[in-house]
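Asker: My structure is stored as model28.csv, with CSV, C-alpha atoms.
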chain,number,residue,atom,x,y,z
M,1,MET,CA,26.1,-4.7,-23.9
M,2,GLY,CA,23.0,-2.9,-25.3
M,3,ILE,CA,20.8,-6.0,-24.8
M,4,ASP,CA,22.1,-6.4,-21.2
M,5,LEU,CA,21.2,-2.8,-20.5
M,6,TYR,CA,17.7,-3.3,-21.9
M,7,LEU,CA,17.1,-6.6,-20.1
M,8,ILE,CA,18.4,-5.4,-16.7
M,9,PHE,CA,17.2,-1.8,-16.6
M,10,ILE,CA,14.9,-0.6,-19.4
M,11,TYR,CA,12.5,-3.6,-19.7
M,12,PRO,CA,12.1,-4.0,-16.0
M,13,LEU,CA,11.1,-0.3,-15.8
M,14,ILE,CA,8.6,-0.6,-18.6
M,15,TYR,CA,7.2,-3.8,-17.0
M,16,ILE,CA,6.8,-2.5,-13.4
M,17,TRP,CA,5.6,1.1,-14.2
M,18,PRO,CA,1.8,0.3,-13.9
M,19,ALA,CA,2.5,-1.1,-10.4
M,20,TYR,CA,4.4,2.0,-9.4
M,21,VAL,CA,1.7,4.2,-10.7
M,22,ALA,CA,-1.0,2.2,-9.0
M,23,ASN,CA,0.9,2.2,-5.7
M,24,GLY,CA,1.4,6.0,-5.7
M,25,ALA,CA,-2.1,7.1,-6.9
M,26,PRO,CA,-3.9,6.5,-3.5
M,27,VAL,CA,-1.5,8.9,-1.8
M,28,ILE,CA,-2.6,11.7,-4.1
M,29,LEU,CA,-6.2,10.7,-4.9
M,30,GLY,CA,-7.2,8.7,-1.9
M,31,GLY,CA,-9.1,9.6,1.2
M,32,GLY,CA,-12.6,9.2,2.3
M,33,LYS,CA,-14.4,6.2,3.6
M,34,PRO,CA,-12.2,3.3,4.9
M,35,LEU,CA,-12.2,0.2,2.8
M,36,ASP,CA,-12.8,-1.9,5.9
M,37,PHE,CA,-15.7,0.4,7.0
M,38,GLY,CA,-14.0,0.5,10.5
M,39,ARG,CA,-14.6,-3.2,11.1
M,40,LYS,CA,-12.3,-5.3,13.1
M,41,PHE,CA,-10.9,-8.8,12.8
M,42,MET,CA,-9.6,-10.4,16.0
M,43,GLY,CA,-10.2,-7.2,17.8
M,44,LYS,CA,-7.9,-5.1,15.5
M,45,PRO,CA,-8.7,-3.0,12.4
M,46,ILE,CA,-8.8,-5.1,9.2
M,47,PHE,CA,-6.7,-2.5,7.2
M,48,GLY,CA,-7.1,0.7,9.0
M,49,SER,CA,-8.6,4.1,8.2
M,50,HIS,CA,-5.9,5.1,5.8
M,51,LYS,CA,-6.8,2.3,3.3
M,52,THR,CA,-9.9,3.9,1.6
M,53,ILE,CA,-12.4,2.9,-1.1
M,54,ARG,CA,-11.4,6.0,-3.1
M,55,GLY,CA,-7.7,5.1,-2.8
M,56,LEU,CA,-8.3,1.5,-4.0
M,57,PHE,CA,-10.2,2.6,-7.0
M,58,ALA,CA,-7.7,5.5,-7.7
M,59,GLY,CA,-4.8,3.0,-7.6
M,60,LEU,CA,-6.6,0.6,-9.9
M,61,ALA,CA,-7.7,3.3,-12.4
M,62,ALA,CA,-4.2,4.9,-12.5
M,63,GLY,CA,-2.5,1.5,-13.0
M,64,PHE,CA,-5.0,0.5,-15.7
M,65,ILE,CA,-4.5,3.9,-17.5
M,66,MET,CA,-0.7,3.4,-17.4
M,67,ALA,CA,-1.1,-0.1,-18.8
M,68,GLY,CA,-3.3,1.3,-21.6
M,69,LEU,CA,-0.7,4.0,-22.4
M,70,GLU,CA,2.1,1.4,-22.4
M,71,SER,CA,0.1,-0.9,-24.6
M,72,ILE,CA,0.2,1.7,-27.4
M,73,VAL,CA,3.8,0.8,-27.9
M,74,PHE,CA,3.9,-2.6,-26.2
M,75,PRO,CA,0.5,-4.3,-26.8
M,76,TYR,CA,1.3,-7.3,-24.5
M,77,MET,CA,1.5,-4.8,-21.6
M,78,LEU,CA,-2.3,-4.2,-21.3
M,79,PRO,CA,-3.2,-7.5,-19.6
M,80,ILE,CA,0.1,-7.6,-17.7
M,81,GLY,CA,-0.3,-4.0,-16.5
M,82,ILE,CA,-3.9,-4.7,-15.4
M,83,LEU,CA,-2.7,-7.7,-13.3
M,84,LEU,CA,0.3,-5.8,-12.0
M,85,SER,CA,-2.2,-3.1,-10.8
M,86,VAL,CA,-4.5,-5.5,-9.1
M,87,GLY,CA,-1.6,-7.3,-7.5
M,88,THR,CA,-0.2,-4.0,-6.3
M,89,MET,CA,-3.4,-3.1,-4.5
M,90,PHE,CA,-3.8,-6.6,-3.1
M,91,GLY,CA,-0.1,-6.5,-1.9
M,92,ASP,CA,-0.5,-3.1,-0.3
M,93,LEU,CA,-3.7,-4.3,1.6
M,94,PHE,CA,-1.9,-7.5,2.6
M,95,GLY,CA,0.9,-5.5,4.1
M,96,SER,CA,-1.5,-3.4,6.1
M,97,PHE,CA,-3.5,-6.4,7.2
M,98,ILE,CA,-0.3,-8.1,8.5
M,99,LYS,CA,0.8,-4.9,10.2
M,100,ARG,CA,-2.6,-4.6,12.0
M,101,ARG,CA,-2.4,-8.2,13.1
M,102,MET,CA,1.0,-7.4,14.6
M,103,GLY,CA,-0.6,-4.6,16.5
M,104,THR,CA,1.2,-1.8,14.8
M,105,GLY,CA,-0.7,1.5,14.5
M,106,GLU,CA,-1.4,3.3,11.3
M,107,GLY,CA,1.7,5.1,10.1
M,108,THR,CA,4.0,3.0,12.1
M,109,LYS,CA,7.2,2.3,10.2
M,110,MET,CA,7.9,-1.4,9.4
M,111,LEU,CA,10.8,-2.5,7.3
M,112,PHE,CA,9.8,-4.7,4.4
M,113,LEU,CA,6.0,-4.5,5.0
M,114,ASP,CA,6.0,-0.8,4.0
M,115,GLN,CA,8.0,-1.3,0.8
M,116,TYR,CA,7.8,-4.7,-0.8
M,117,PRO,CA,4.4,-6.5,-0.6
M,118,PHE,CA,2.9,-4.3,-3.3
M,119,VAL,CA,5.7,-5.1,-5.8
M,120,ILE,CA,6.0,-8.8,-4.9
M,121,PHE,CA,2.3,-9.4,-5.3
M,122,ALA,CA,2.2,-7.3,-8.5
M,123,MET,CA,4.8,-9.5,-10.1
M,124,LEU,CA,3.2,-12.7,-8.8
M,125,PHE,CA,-0.2,-11.7,-10.1
M,126,ALA,CA,1.3,-11.0,-13.6
M,127,LEU,CA,3.5,-14.0,-13.6
M,128,PRO,CA,1.1,-16.3,-15.5
M,129,LEU,CA,1.1,-14.0,-18.5
M,130,GLY,CA,4.8,-14.2,-19.0
M,131,HIS,CA,7.1,-11.4,-20.2
M,132,THR,CA,8.6,-11.5,-16.7
M,133,PRO,CA,11.9,-9.6,-16.3
M,134,SER,CA,15.1,-11.5,-16.0
M,135,ILE,CA,16.5,-12.3,-12.6
M,136,PRO,CA,18.9,-9.4,-12.7
M,137,GLY,CA,15.9,-7.3,-13.8
M,138,ILE,CA,13.8,-8.4,-10.9
M,139,ILE,CA,16.7,-7.6,-8.5
M,140,PHE,CA,16.9,-4.2,-10.1
M,141,ILE,CA,13.2,-3.7,-9.5
M,142,LEU,CA,13.5,-4.7,-5.9
M,143,LEU,CA,16.5,-2.4,-5.3
M,144,LEU,CA,14.8,0.5,-7.1
M,145,THR,CA,11.6,-0.1,-5.2
M,146,GLY,CA,13.4,0.3,-1.9
M,147,ALA,CA,15.2,3.5,-3.0
M,148,LEU,CA,12.0,5.0,-4.6
M,149,HIS,CA,10.0,4.2,-1.4
M,150,VAL,CA,12.3,6.3,0.7
M,151,LEU,CA,12.5,9.2,-1.9
M,152,THR,CA,8.8,9.3,-2.8
M,153,ASN,CA,7.5,9.0,0.8
M,154,HIS,CA,9.8,11.8,2.0
M,155,GLY,CA,8.6,13.9,-0.9
M,156,ALA,CA,4.9,13.2,-0.2
M,157,HIS,CA,5.5,14.0,3.4
M,158,LYS,CA,7.1,17.4,2.5
M,159,MET,CA,4.1,18.1,0.2
M,160,LYS,CA,1.8,17.3,3.1
M,161,LEU,CA,0.3,14.3,1.3
M,162,LYS,CA,1.4,11.9,4.0
M,163,LYS,CA,1.6,12.4,7.8
M,164,VAL,CA,4.8,10.4,8.1
M,165,PRO,CA,7.8,10.3,5.8
M,166,TRP,CA,7.8,6.5,5.3
Render the structure in this file as C-alpha coordinates.

Answerer:
Amino acid sequence: MGIDLYLIFIYPLIYIWPAYVANGAPVILGGGKPLDFGRKFMGKPIFGSHKTIRGLFAGLAAGFIMAGLESIVFPYMLPIGILLSVGTMFGDLFGSFIKRRMGTGEGTKMLFLDQYPFVIFAMLFALPLGHTPSIPGIIFILLLTGALHVLTNHGAHKMKLKKVPW
(Lines of atoms letter the chains of each structure in order from A and count residues from 1; the text may use other names and numbers.)
(Lines give C-alpha, C1' and ligand atoms only; values in the text may rest on other atoms or scores of the structure.)
Protein backbone atom coordinates (compact mmCIF):
# COMPACT_ATOMS: atom_id res chain seq x y z
CA MET A 1 0.00 0.00 0.00
CA GLY A 2 2.79 2.44 0.92
CA ILE A 3 4.64 1.89 -2.37
CA ASP A 4 1.42 2.42 -4.34
CA LEU A 5 0.80 5.72 -2.58
CA TYR A 6 4.34 6.82 -3.37
CA LEU A 7 4.22 5.74 -7.04
CA ILE A 8 0.76 7.16 -7.77
CA PHE A 9 0.74 10.40 -5.76
CA ILE A 10 4.00 11.40 -4.07
CA TYR A 11 6.58 10.72 -6.78
CA PRO A 12 4.45 12.32 -9.53
CA LEU A 13 4.21 15.49 -7.41
CA ILE A 14 7.97 15.56 -6.86
CA TYR A 15 8.52 14.94 -10.57
CA ILE A 16 6.13 17.58 -11.98
CA TRP A 17 6.76 20.34 -9.43
CA PRO A 18 9.41 22.21 -11.52
CA ALA A 19 6.93 22.34 -14.41
CA TYR A 20 4.17 23.71 -12.19
CA VAL A 21 6.49 26.36 -10.78
CA ALA A 22 7.74 27.29 -14.27
CA ASN A 23 4.16 27.56 -15.53
CA GLY A 24 2.99 29.79 -12.69
CA ALA A 25 5.95 32.17 -12.46
CA PRO A 26 5.12 34.27 -15.55
CA VAL A 27 1.75 35.21 -14.07
CA ILE A 28 3.50 36.76 -11.08
CA LEU A 29 6.81 37.89 -12.59
CA GLY A 30 5.96 38.40 -16.27
CA GLY A 31 4.94 41.46 -18.22
CA GLY A 32 6.86 43.81 -20.41
CA LYS A 33 7.87 43.38 -24.03
CA PRO A 34 6.00 40.67 -26.01
CA LEU A 35 8.08 37.65 -26.93
CA ASP A 36 6.92 37.90 -30.55
CA PHE A 37 7.67 41.69 -30.62
CA GLY A 38 4.16 42.22 -32.02
CA ARG A 39 4.98 40.33 -35.21
CA LYS A 40 2.37 38.35 -37.08
CA PHE A 41 2.33 34.98 -38.82
CA MET A 42 -0.32 34.40 -41.47
CA GLY A 43 -1.89 37.72 -40.49
CA LYS A 44 -2.32 36.81 -36.82
CA PRO A 45 -0.11 37.41 -33.76
CA ILE A 46 2.48 34.69 -33.26
CA PHE A 47 1.85 34.31 -29.50
CA GLY A 48 0.15 37.54 -28.46
CA SER A 49 1.14 40.39 -26.19
CA HIS A 50 0.57 38.37 -22.99
CA LYS A 51 3.53 36.06 -23.74
CA THR A 52 6.49 38.20 -22.75
CA ILE A 53 10.26 37.98 -22.70
CA ARG A 54 10.30 38.58 -18.95
CA GLY A 55 7.61 35.92 -18.44
CA LEU A 56 9.59 33.35 -20.44
CA PHE A 57 12.78 33.98 -18.49
CA ALA A 58 10.91 34.12 -15.16
CA GLY A 59 9.31 30.76 -15.88
CA LEU A 60 12.61 29.18 -16.86
CA ALA A 61 14.45 30.65 -13.86
CA ALA A 62 11.75 29.60 -11.39
CA GLY A 63 11.62 26.08 -12.81
CA PHE A 64 15.43 25.77 -12.77
CA ILE A 65 15.55 26.99 -9.17
CA MET A 66 12.89 24.45 -8.16
CA ALA A 67 14.87 21.72 -9.97
CA GLY A 68 17.97 22.79 -8.06
CA LEU A 69 16.13 22.69 -4.75
CA GLU A 70 14.68 19.26 -5.47
CA SER A 71 18.11 17.97 -6.52
CA ILE A 72 19.38 18.51 -2.97
CA VAL A 73 17.30 15.47 -1.95
CA PHE A 74 16.81 13.85 -5.38
CA PRO A 75 20.01 14.51 -7.41
CA TYR A 76 18.56 13.00 -10.60
CA MET A 77 15.89 15.75 -10.62
CA LEU A 78 18.24 18.56 -11.70
CA PRO A 79 18.45 17.64 -15.40
CA ILE A 80 14.87 16.35 -15.40
CA GLY A 81 13.59 19.55 -13.78
CA ILE A 82 15.49 21.68 -16.28
CA LEU A 83 13.93 19.79 -19.20
CA LEU A 84 10.50 19.89 -17.55
CA SER A 85 10.85 23.68 -17.25
CA VAL A 86 11.94 24.15 -20.87
CA GLY A 87 9.14 21.84 -22.03
CA THR A 88 6.66 23.78 -19.91
CA MET A 89 7.50 27.08 -21.56
CA PHE A 90 7.54 25.49 -25.02
CA GLY A 91 4.15 23.85 -24.39
CA ASP A 92 2.62 27.08 -23.13
CA LEU A 93 3.87 28.96 -26.20
CA PHE A 94 2.65 26.12 -28.45
CA GLY A 95 -0.84 26.40 -26.94
CA SER A 96 -0.88 30.17 -27.51
CA PHE A 97 0.42 29.75 -31.05
CA ILE A 98 -2.37 27.27 -31.88
CA LYS A 99 -5.00 29.51 -30.26
CA ARG A 100 -3.82 32.48 -32.35
CA ARG A 101 -3.95 30.35 -35.54
CA MET A 102 -7.54 29.47 -34.65
CA GLY A 103 -8.31 33.18 -34.42
CA THR A 104 -9.04 33.27 -30.71
CA GLY A 105 -8.21 36.49 -28.92
CA GLU A 106 -5.91 36.75 -25.95
CA GLY A 107 -7.65 35.70 -22.78
CA THR A 108 -10.24 33.63 -24.66
CA LYS A 109 -11.07 30.41 -22.82
CA MET A 110 -10.25 27.21 -24.71
CA LEU A 111 -10.66 23.84 -23.09
CA PHE A 112 -7.51 21.70 -23.30
CA LEU A 113 -5.26 24.38 -24.87
CA ASP A 114 -5.39 26.44 -21.68
CA GLN A 115 -4.55 23.59 -19.29
CA TYR A 116 -2.59 20.78 -20.85
CA PRO A 117 0.05 21.70 -23.47
CA PHE A 118 2.51 22.88 -20.82
CA VAL A 119 2.36 19.65 -18.81
CA ILE A 120 2.32 17.34 -21.83
CA PHE A 121 5.32 19.06 -23.44
CA ALA A 122 7.11 19.16 -20.08
CA MET A 123 6.81 15.39 -19.70
CA LEU A 124 7.76 14.78 -23.34
CA PHE A 125 10.90 16.94 -23.03
CA ALA A 126 11.99 15.07 -19.87
CA LEU A 127 11.05 11.61 -21.16
CA PRO A 128 14.52 10.75 -22.56
CA LEU A 129 16.06 11.10 -19.09
CA GLY A 130 13.84 8.46 -17.53
CA HIS A 131 12.41 8.51 -14.02
CA THR A 132 8.98 8.99 -15.62
CA PRO A 133 6.02 8.45 -13.30
CA SER A 134 3.92 5.31 -13.67
CA ILE A 135 0.82 5.40 -15.88
CA PRO A 136 -1.42 5.90 -12.81
CA GLY A 137 1.00 8.65 -11.72
CA ILE A 138 0.71 10.37 -15.10
CA ILE A 139 -3.08 10.13 -14.91
CA PHE A 140 -2.88 11.70 -11.44
CA ILE A 141 -0.70 14.54 -12.83
CA LEU A 142 -3.19 15.20 -15.64
CA LEU A 143 -6.19 15.21 -13.28
CA LEU A 144 -4.35 17.38 -10.77
CA THR A 145 -3.30 19.79 -13.53
CA GLY A 146 -6.91 20.26 -14.61
CA ALA A 147 -8.06 20.93 -11.05
CA LEU A 148 -5.12 23.19 -10.18
CA HIS A 149 -5.61 25.16 -13.39
CA VAL A 150 -9.11 26.14 -12.30
CA LEU A 151 -8.13 26.92 -8.70
CA THR A 152 -4.91 28.84 -9.39
CA ASN A 153 -6.37 30.88 -12.23
CA HIS A 154 -9.38 31.92 -10.17
CA GLY A 155 -7.03 32.86 -7.35
CA ALA A 156 -4.75 34.84 -9.69
CA HIS A 157 -7.80 36.63 -11.08
CA LYS A 158 -9.04 37.56 -7.60
CA MET A 159 -5.57 38.88 -6.75
CA LYS A 160 -5.65 40.96 -9.95
CA LEU A 161 -2.70 39.04 -11.46
CA LYS A 162 -4.85 37.90 -14.39
CA LYS A 163 -7.58 39.70 -16.30
CA VAL A 164 -9.66 36.56 -16.76
CA PRO A 165 -10.28 33.68 -14.32
CA TRP A 166 -9.09 30.93 -16.70

Asker: Could you work out how far atom CA of Gly105 of chain M lies from atom CA of Leu35 of chain M, giving the answer in Å with one decimal?

Answerer: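 Going from atom CA of Leu35 of chain M over to atom CA of Gly105 of chain M, I get 16.5 Å.
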
Asker: Find the residues near Phe64 of chain M: any atom within 12 Å, counting all atoms listed in the file, skip ones fewer than 3 places away on the same chain, and give them as a ChimeraX atom specification.

Answerer: /M:17-23,25,57-61,67-71,77-89

Asker: Just checking: using all atoms listed in the file, which residue out of M:Pro26, M:Arg101, M:Leu5, M:Lys162 ends up closest to Gly137 of chain M?

Answerer: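 Once distances to Gly137 of chain M are computed over all atoms listed in the file, the minimum belongs to M:Leu5.
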
Asker: Taking only C-alpha atoms into account, which of M:Leu127, M:Leu142, M:Met159, M:Met102 comes nearest Lys44 of chain M?

Answerer: M:Met102

Asker: How many Å lie between atom CA of Gly107 of chain M and atom CA of Met123 of chain M, rounded to one decimal?

Answerer: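 Between these atoms lies a distance of 25.1 Å.
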
Asker: Of the candidates M:Tyr76, M:Ile46, M:Ile16, M:Phe41, which shows the shortest atom-to-atom distance to Gly130 of chain M, using only C-alpha atoms?

Answerer: M:Tyr76
